[in-house]
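Next comes entry39.txt, a file with compact mmCIF, C-alpha atoms.
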# COMPACT_ATOMS: atom_id res chain seq x y z
CA MET A 18 -16.04 25.79 -7.80
CA SER A 19 -18.30 22.78 -7.54
CA VAL A 20 -17.30 19.20 -6.92
CA HIS A 21 -16.56 17.09 -9.97
CA VAL A 22 -18.58 13.87 -9.89
CA SER A 23 -17.05 11.15 -12.06
CA PRO A 24 -19.43 8.73 -13.79
CA THR A 25 -19.48 5.16 -12.47
CA SER A 26 -18.07 3.95 -15.79
CA THR A 27 -14.84 5.90 -15.12
CA TYR A 28 -14.34 4.12 -11.80
CA VAL A 29 -15.06 0.71 -13.35
CA LYS A 30 -12.52 1.40 -16.12
CA VAL A 31 -9.93 2.41 -13.52
CA PHE A 32 -10.66 -0.81 -11.59
CA LEU A 33 -10.25 -2.96 -14.72
CA THR A 34 -7.00 -1.17 -15.58
CA LEU A 35 -5.64 -1.87 -12.08
CA ILE A 36 -6.60 -5.57 -12.27
CA LEU A 37 -5.02 -5.88 -15.72
CA LEU A 38 -1.78 -4.27 -14.50
CA THR A 39 -1.75 -6.59 -11.46
CA ALA A 40 -2.15 -9.66 -13.68
CA THR A 41 0.67 -8.37 -15.92
CA THR A 42 3.09 -7.80 -13.05
CA VAL A 43 2.39 -11.29 -11.62
CA TRP A 44 2.85 -12.92 -15.02
CA VAL A 45 6.11 -11.09 -15.77
CA ALA A 46 7.54 -11.96 -12.34
CA PHE A 47 7.72 -15.66 -13.28
CA TYR A 48 10.30 -14.95 -16.01
CA ASP A 49 13.91 -14.01 -15.38
CA PHE A 50 14.72 -10.71 -17.08
CA GLY A 51 17.57 -9.92 -14.69
CA ILE A 52 17.55 -6.33 -13.49
CA LEU A 53 14.57 -5.61 -15.77
CA ASN A 54 12.31 -7.60 -13.39
CA ASN A 55 12.67 -4.79 -10.85
CA VAL A 56 12.21 -2.06 -13.44
CA ILE A 57 9.00 -3.64 -14.77
CA ALA A 58 7.58 -4.41 -11.30
CA LEU A 59 8.21 -0.89 -9.99
CA GLY A 60 7.11 0.73 -13.26
CA ILE A 61 3.77 -1.08 -13.08
CA ALA A 62 3.42 -0.23 -9.36
CA PHE A 63 4.00 3.47 -10.12
CA ALA A 64 1.49 3.33 -12.99
CA LYS A 65 -1.12 1.76 -10.68
CA ALA A 66 -0.45 4.30 -7.91
CA THR A 67 -0.75 7.18 -10.41
CA VAL A 68 -4.11 5.92 -11.66
CA VAL A 69 -5.41 5.59 -8.08
CA VAL A 70 -4.20 9.10 -7.17
CA LEU A 71 -5.60 10.76 -10.28
CA PHE A 72 -9.03 9.10 -10.44
CA PHE A 73 -9.94 7.42 -7.13
CA MET A 74 -8.40 10.27 -5.09
CA HIS A 75 -9.70 12.92 -7.53
CA VAL A 76 -6.37 14.73 -7.89
CA LYS A 77 -7.07 15.16 -11.62
CA TRP A 78 -9.93 17.50 -10.66
CA SER A 79 -8.45 18.95 -7.45
CA SER A 80 -7.17 22.47 -6.81
CA PRO A 81 -3.53 23.35 -7.58
CA LEU A 82 -2.86 23.43 -3.82
CA ILE A 83 -3.90 19.77 -3.41
CA LYS A 84 -1.80 18.82 -6.46
CA LEU A 85 1.17 20.62 -4.88
CA ILE A 86 0.82 18.73 -1.58
CA ALA A 87 0.41 15.36 -3.30
CA GLY A 88 3.50 16.11 -5.42
CA ALA A 89 5.48 17.36 -2.42
CA GLY A 90 4.81 14.09 -0.59
CA VAL A 91 6.38 12.15 -3.45
CA VAL A 92 9.33 14.57 -3.82
CA TRP A 93 10.17 14.26 -0.12
CA LEU A 94 10.03 10.47 -0.38
CA VAL A 95 12.49 10.60 -3.30
CA ILE A 96 14.82 12.82 -1.22
CA LEU A 97 14.63 10.36 1.67
CA ILE A 98 15.46 7.37 -0.53
CA LEU A 99 18.07 8.97 -2.83
CA PHE A 100 20.07 10.69 -0.07
CA THR A 101 20.11 7.57 2.09
CA LEU A 102 21.15 5.31 -0.79
CA GLY A 103 23.70 7.95 -1.85
CA ASP A 104 25.38 7.23 1.46
CA TYR A 105 25.07 3.43 1.54
CA LEU A 106 25.96 2.78 -2.09
CA THR A 107 29.13 4.89 -2.01
CA ARG A 108 30.67 3.32 1.10
CA THR A 109 33.98 1.56 0.54
CA ILE A 110 33.02 -1.54 2.54
CA HIS A 111 31.17 -3.90 0.22
CA TYR A 112 28.11 -5.02 2.12
CA THR A 113 26.90 -7.11 -0.80
CA ALA A 114 29.50 -9.78 -0.09
CA PRO A 115 28.86 -12.29 2.71
CA PRO A 116 30.98 -11.33 5.76
CA ILE A 117 33.24 -14.39 5.81
CA MET B 19 -28.71 38.16 18.29
CA SER B 20 -29.50 38.43 14.64
CA SER B 21 -30.45 35.35 12.71
CA SER B 22 -27.19 35.61 10.75
CA HIS B 23 -25.47 33.92 13.71
CA ALA B 24 -27.56 30.80 13.33
CA HIS B 25 -25.56 27.91 11.90
CA ALA B 26 -26.43 26.35 8.63
CA PRO B 27 -26.75 22.59 9.31
CA GLY B 28 -23.38 20.85 8.97
CA LEU B 29 -21.46 24.10 8.49
CA ALA B 30 -18.95 24.92 11.24
CA HIS B 31 -19.16 28.54 12.38
CA HIS B 32 -15.58 29.38 11.41
CA PHE B 33 -16.25 28.69 7.72
CA ASP B 34 -17.96 31.12 5.37
CA SER B 35 -19.37 28.47 3.05
CA TYR B 36 -19.71 24.74 2.52
CA GLU B 37 -17.21 25.03 -0.32
CA GLN B 38 -14.59 26.65 1.92
CA GLN B 39 -15.25 23.98 4.56
CA ARG B 40 -14.89 21.22 1.96
CA GLN B 41 -11.60 22.60 0.63
CA SER B 42 -10.19 22.96 4.15
CA ALA B 43 -11.12 19.36 5.01
CA SER B 44 -9.57 18.13 1.77
CA LEU B 45 -6.37 20.13 2.40
CA GLY B 46 -6.06 18.76 5.94
CA MET B 47 -6.55 15.19 4.78
CA TRP B 48 -3.96 15.57 2.01
CA LEU B 49 -1.43 16.92 4.52
CA PHE B 50 -2.09 13.81 6.60
CA VAL B 51 -1.60 11.58 3.54
CA ALA B 52 1.68 13.38 2.73
CA GLN B 53 3.06 12.63 6.21
CA GLU B 54 1.83 9.03 5.88
CA ILE B 55 4.01 8.75 2.77
CA MET B 56 6.99 9.66 4.96
CA PHE B 57 5.81 7.29 7.72
CA PHE B 58 5.87 4.29 5.36
CA GLY B 59 8.80 5.79 3.42
CA GLY B 60 11.20 5.05 6.28
CA LEU B 61 10.33 1.35 6.15
CA PHE B 62 10.56 1.25 2.35
CA THR B 63 14.02 2.87 2.55
CA ALA B 64 15.17 0.33 5.16
CA TYR B 65 13.91 -2.47 2.92
CA LEU B 66 15.74 -1.02 -0.09
CA ILE B 67 19.06 -0.74 1.76
CA TYR B 68 19.01 -4.30 3.12
CA ARG B 69 17.83 -5.69 -0.19
CA LEU B 70 20.60 -3.93 -2.14
CA MET B 71 23.15 -5.28 0.34
CA ASN B 72 21.79 -8.85 0.16
CA PRO B 73 20.04 -9.25 -3.21
CA VAL B 74 20.33 -13.04 -3.55
CA VAL B 75 19.22 -13.99 -0.03
CA PHE B 76 16.32 -11.51 -0.25
CA ALA B 77 15.16 -13.04 -3.54
CA VAL B 78 15.34 -16.57 -2.08
CA ALA B 79 13.55 -15.50 1.14
CA SER B 80 10.89 -13.69 -0.91
CA SER B 81 10.09 -16.90 -2.78
CA GLU B 82 8.84 -18.36 0.54
CA LEU B 83 5.85 -16.00 0.45
CA GLU B 84 2.71 -17.46 -1.13
CA ILE B 85 1.94 -15.53 -4.29
CA LYS B 86 -1.67 -16.79 -4.44
CA TRP B 87 -2.53 -15.04 -1.15
CA GLY B 88 -0.63 -11.90 -2.08
CA ALA B 89 -2.26 -11.67 -5.52
CA LEU B 90 -5.71 -12.43 -4.09
CA ASN B 91 -5.32 -9.67 -1.49
CA THR B 92 -4.17 -7.24 -4.18
CA GLY B 93 -7.39 -7.93 -6.10
CA VAL B 94 -9.50 -7.66 -2.93
CA LEU B 95 -7.94 -4.30 -2.05
CA ILE B 96 -8.35 -2.88 -5.57
CA LEU B 97 -12.00 -3.97 -5.54
CA SER B 98 -12.44 -2.32 -2.13
CA SER B 99 -10.96 0.89 -3.56
CA LEU B 100 -13.62 0.73 -6.30
CA THR B 101 -16.46 0.29 -3.77
CA MET B 102 -14.96 3.10 -1.63
CA ALA B 103 -14.74 5.43 -4.64
CA LEU B 104 -18.39 4.61 -5.40
CA ALA B 105 -19.36 5.29 -1.75
CA VAL B 106 -17.77 8.75 -2.08
CA ARG B 107 -19.57 9.25 -5.40
CA MET B 108 -22.90 8.42 -3.75
CA ALA B 109 -22.06 10.88 -0.97
CA GLN B 110 -21.39 13.56 -3.61
CA LEU B 111 -24.84 12.81 -5.02
CA GLY B 112 -26.44 12.70 -1.56
CA LYS B 113 -27.77 9.14 -1.93
CA ARG B 114 -28.05 7.98 1.66
CA LYS B 115 -28.79 4.26 1.25
CA ALA B 116 -26.26 3.79 -1.54
CA ILE B 117 -23.52 5.34 0.65
CA VAL B 118 -24.28 2.79 3.37
CA GLY B 119 -24.40 -0.06 0.82
CA PHE B 120 -21.00 0.73 -0.68
CA LEU B 121 -19.47 1.34 2.76
CA CYS B 122 -20.69 -2.13 3.83
CA LEU B 123 -19.13 -3.70 0.72
CA THR B 124 -15.87 -1.88 1.46
CA LEU B 125 -16.04 -3.13 5.04
CA LEU B 126 -16.51 -6.76 3.91
CA LEU B 127 -13.58 -6.52 1.48
CA GLY B 128 -11.42 -4.93 4.18
CA LEU B 129 -12.25 -7.78 6.54
CA THR B 130 -11.45 -10.30 3.77
CA PHE B 131 -8.02 -8.71 3.33
CA VAL B 132 -7.25 -8.90 7.05
CA GLY B 133 -8.54 -12.50 7.17
CA VAL B 134 -6.21 -13.57 4.34
CA LYS B 135 -3.35 -11.78 6.09
CA ALA B 136 -4.14 -13.75 9.27
CA ILE B 137 -3.94 -17.03 7.30
CA GLU B 138 -0.56 -15.98 5.89
CA TYR B 139 0.83 -14.95 9.29
CA THR B 140 -0.32 -18.28 10.76
CA ASN B 141 1.47 -20.19 7.98
CA LYS B 142 4.65 -18.18 8.57
CA TRP B 143 4.42 -18.99 12.27
CA HIS B 144 4.12 -22.72 11.56
CA HIS B 145 7.06 -22.59 9.13
CA HIS B 146 9.32 -20.92 11.73
CA LEU B 147 9.57 -17.77 9.60
CA VAL B 148 8.64 -15.32 12.37
CA PRO B 149 11.87 -13.54 13.43
CA GLY B 150 13.05 -14.43 16.89
CA GLU B 151 14.34 -17.39 18.86
CA HIS B 152 12.59 -20.01 16.74
CA PHE B 153 13.38 -18.54 13.35
CA SER B 154 14.72 -21.19 10.99
CA PHE B 155 14.88 -20.67 7.25
CA HIS B 156 14.69 -24.05 5.57
CA LEU B 157 16.47 -24.16 2.21
CA SER B 158 15.30 -26.48 -0.57
CA PRO B 159 17.94 -28.09 -2.82
CA THR B 160 17.07 -25.67 -5.65
CA GLU B 161 17.39 -22.70 -3.30
CA ILE B 162 20.78 -23.97 -2.19
CA GLY B 163 21.66 -24.25 -5.89
CA ALA B 164 20.45 -20.70 -6.54
CA LEU B 165 22.61 -19.39 -3.69
CA GLN B 166 25.59 -21.45 -4.91
CA SER B 167 25.34 -20.03 -8.43
CA HIS B 168 25.82 -16.60 -6.80
CA GLY B 169 28.88 -17.73 -4.84
CA ILE B 170 27.18 -18.44 -1.52
CA ASP B 171 28.06 -21.91 -0.21
CA VAL B 172 25.78 -22.90 2.69
CA SER B 173 27.87 -25.97 3.56
CA ASP B 174 30.25 -23.42 5.12
CA PRO B 175 28.80 -22.63 8.61
CA ALA B 176 29.76 -18.94 8.38
CA GLN B 177 27.97 -18.52 5.06
CA ALA B 178 24.98 -20.58 6.26
CA TYR B 179 24.77 -18.20 9.25
CA TYR B 180 24.91 -15.24 6.87
CA VAL B 181 21.97 -16.64 4.87
CA GLN B 182 19.92 -17.30 8.04
CA SER B 183 20.56 -13.82 9.47
CA ARG B 184 19.70 -11.99 6.23
CA ALA B 185 16.62 -14.16 5.62
CA GLU B 186 15.52 -13.23 9.15
CA MET B 187 16.06 -9.57 8.22
CA PHE B 188 13.80 -10.04 5.18
CA PHE B 189 11.04 -11.47 7.36
CA SER B 190 11.51 -8.73 9.98
CA LEU B 191 10.88 -6.20 7.22
CA TYR B 192 8.02 -8.31 5.85
CA PHE B 193 6.24 -8.32 9.21
CA ALA B 194 7.01 -4.67 9.99
CA MET B 195 5.77 -3.42 6.60
CA THR B 196 2.72 -5.67 6.19
CA GLY B 197 2.00 -5.30 9.92
CA LEU B 198 1.91 -1.51 9.75
CA HIS B 199 -0.21 -1.79 6.62
CA ALA B 200 -2.59 -4.25 8.33
CA LEU B 201 -2.85 -1.85 11.29
CA HIS B 202 -3.96 0.84 8.84
CA MET B 203 -6.53 -1.60 7.46
CA LEU B 204 -7.88 -2.28 10.97
CA ILE B 205 -8.12 1.46 11.68
CA GLY B 206 -9.92 1.85 8.34
CA ILE B 207 -12.36 -0.94 9.25
CA GLY B 208 -12.98 0.76 12.61
CA LEU B 209 -13.66 4.09 10.88
CA ILE B 210 -16.20 2.50 8.52
CA LEU B 211 -18.03 1.03 11.53
CA TYR B 212 -17.87 4.49 13.12
CA ILE B 213 -19.52 6.28 10.17
CA LEU B 214 -22.11 3.62 9.19
CA ARG B 215 -24.67 4.88 11.71
CA PRO B 216 -24.39 8.62 10.87
CA ALA B 217 -24.40 7.65 7.17
CA TRP B 218 -27.64 5.71 7.66
CA LYS B 219 -29.17 8.67 9.54
CA GLY B 220 -28.44 10.98 6.63
CA ARG B 221 -25.53 12.84 8.25
CA PHE B 222 -23.68 12.98 4.91
CA ASN B 223 -25.63 15.09 2.45
CA LEU B 224 -24.98 17.21 -0.63
CA ASP B 225 -23.68 20.11 1.50
CA ASN B 226 -21.32 18.21 3.76
CA HIS B 227 -19.95 14.73 3.18
CA ASN B 228 -16.34 15.67 4.01
CA PHE B 229 -15.84 12.77 6.39
CA VAL B 230 -16.64 10.24 3.65
CA GLU B 231 -14.40 12.10 1.15
CA GLY B 232 -11.52 12.27 3.63
CA PHE B 233 -11.92 8.65 4.64
CA GLY B 234 -11.90 7.71 0.95
CA LEU B 235 -8.50 9.40 0.57
CA TYR B 236 -7.19 7.38 3.54
CA TRP B 237 -8.53 4.10 2.15
CA HIS B 238 -7.03 4.70 -1.32
CA PHE B 239 -3.68 5.64 0.22
CA VAL B 240 -3.60 2.35 2.14
CA ASP B 241 -4.38 0.61 -1.17
CA ILE B 242 -1.41 2.37 -2.80
CA VAL B 243 0.93 1.18 -0.02
CA TRP B 244 -0.11 -2.39 -0.78
CA ILE B 245 0.36 -1.77 -4.53
CA PHE B 246 4.07 -1.27 -3.71
CA LEU B 247 4.36 -3.90 -0.97
CA PHE B 248 3.04 -6.68 -3.22
CA PRO B 249 5.76 -6.60 -5.93
CA LEU B 250 8.55 -5.70 -3.49
CA LEU B 251 7.82 -8.56 -1.08
CA TYR B 252 6.03 -11.27 -3.09
CA LEU B 253 7.32 -10.99 -6.66
CA LEU B 254 11.00 -10.34 -5.99
CA GLY B 255 12.22 -13.95 -6.12
CA ARG B 256 9.43 -15.47 -8.18
CA HIS B 257 11.62 -16.21 -11.23
CA LEU B 258 14.03 -18.35 -9.20
CA PRO B 259 13.79 -22.14 -9.72
CA HIS B 260 11.61 -23.80 -7.09
CA ALA B 261 11.59 -27.26 -5.63
For this file, write the structure as structure tokens.
Amino acid sequence: MSVHVSPTSTYVKVFLTLILLTATTVWVAFYDFGILNNVIALGIAFAKATVVVLFFMHVKWSSPLIKLIAGAGVVWLVILILFTLGDYLTRTIHYTAPPI
Amino acid sequence: MSSSHAHAPGLAHHFDSYEQQRQSASLGMWLFVAQEIMFFGGLFTAYLIYRLMNPVVFAVASSELEIKWGALNTGVLILSSLTMALAVRMAQLGKRKAIVGFLCLTLLLGLTFVGVKAIEYTNKWHHHLVPGEHFSFHLSPTEIGALQSHGIDVSDPAQAYYVQSRAEMFFSLYFAMTGLHALHMLIGIGLILYILRPAWKGRFNLDNHNFVEGFGLYWHFVDIVWIFLFPLLYLLGRHLPHA
């Protein structure tokens, strides 16, 4: 198995995509879409991260073992966040209200 | 001793081939990146919990950050990821001078990022937004209005104290998260300086350029962390009315 060498044009396209997505997320942030602001901001962030992982970090052309480790890192992060929030968000004391 | 014991240049004796050595290096680096996800993950989780508990104050505190610096640094870091990816590409092709050239560009962009961060930290210091004894979150009339529309009345001392304490928590998280990220940038800058000389001497060739590949993974990971820090810290309260 030899190393896949991406053409420079691929990297430039990835760069332009990332800049475009950054401009979009900044522009959208100035408007009030309520809860959708968070959904859009995080959606764009995940899209950018995916592009970086696949092309800049070569995961698209990496062995299944590398793909597994990269995926496992994300899965463990989701476990960390979901289980912790599962605790905090189901407590009966409402932390969202100012303690007055 | 037969000649079969002689080392091929750049091939460690415990590997059968350059390809096996390359895959082992890549695997090790990815394991490191996976634990780095958990390392930053703890801070992201802490941020998420405090933000969900205090959404309005976090949005107002977030609007104190200067979006121009944050956006500029996002662009700088993405550009540095491009130059880093091209440095790795040149290493894959065994082009010695081009590796050094792209590493130098990456170094300059990394230094730019840290420089901008220093400007931001200095501004926060002058505005009393560094958590501690002198922390004081000044509210503009529109920010007071934004808080009031969500049922938080800062003319009540108890509620004003609540706003101050949660704003301080936002800035604690801001400094912890961007600080840990900036530390990674400084380590990255140090590593570029460390490999410039061997790169110039032709240490990274077609057979073995694993250090450059592995360092590239590190640099891109640090870029990804910022890709999440930027919207979470800078864009959160941008839609609120400003004075």
Which of A:Trp93, A:Phe47, A:Lys84, A:Arg108 sits closest to chain B [using all atoms listed in the file]
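Closest to chain B, using all atoms listed in the file: A:Phe47.
Note that the spacing between atom CA of Pro159 of chain B and atom CA of Val45 of chain A amounts to 24.4 Å.
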One decimal, in Å: what's the spacing between atom CA of Val56 of chain A and atom CA of Arg184 of chain B?
23.3 Å
If we count only C-alpha atoms, which residues of chain B reach to within 7 Å of chain A? Please list them as a ChimeraX atom specification.
/B:45,48-49,52,55-56,59,63,67,71-72,93,96-97,100,103,107,110,176-177,180,235,238,242,245-246,249,253,256-257
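Rounded to one decimal, atom CA of Trp218 of chain B and atom CA of Gly119 of chain B lie 9.5 Å from each other.
Residues with any atom within 10 Å of Ser190 of chain B, counting only C-alpha atoms and excluding same-chain neighbours fewer than 6 positions away, are B:Tyr65, B:Leu147, B:Val148, B:Pro149, B:Gly150, B:Arg184.
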Using all atoms listed in the file, what residues lie at most 9 Å away from (-18.8, 11.0, 3.2) (file coordinates), given as number ranges by chain?
B: 105-110, 117, 213, 217, 221-223, 226-234
So which one's closest to Val78 of chain B, B:Leu66, B:Leu127, B:Val172, B:Ile162? Using only C-alpha atoms, please.
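For Val78 of chain B, the nearest of the candidates is B:Ile162.
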Excluding Val132 of chain B and any residue of its chain fewer than 3 positions from it, enumerate the residues within 8 Å of it, using all atoms listed in the file, and give them as a VMD selection string.
chain B and resid 128 to 129 135 to 136 200 203 to 204
Any chance you could export the current selection's C-alpha atoms as a compact mmCIF listing (two decimals), keeping the file's coordinate frame?
# COMPACT_ATOMS: atom_id res chain seq x y z
CA GLY B 128 -11.42 -4.93 4.18
CA LEU B 129 -12.25 -7.78 6.54
CA LYS B 135 -3.35 -11.78 6.09
CA ALA B 136 -4.14 -13.75 9.27
CA ALA B 200 -2.59 -4.25 8.33
CA MET B 203 -6.53 -1.60 7.46
CA LEU B 204 -7.88 -2.28 10.97
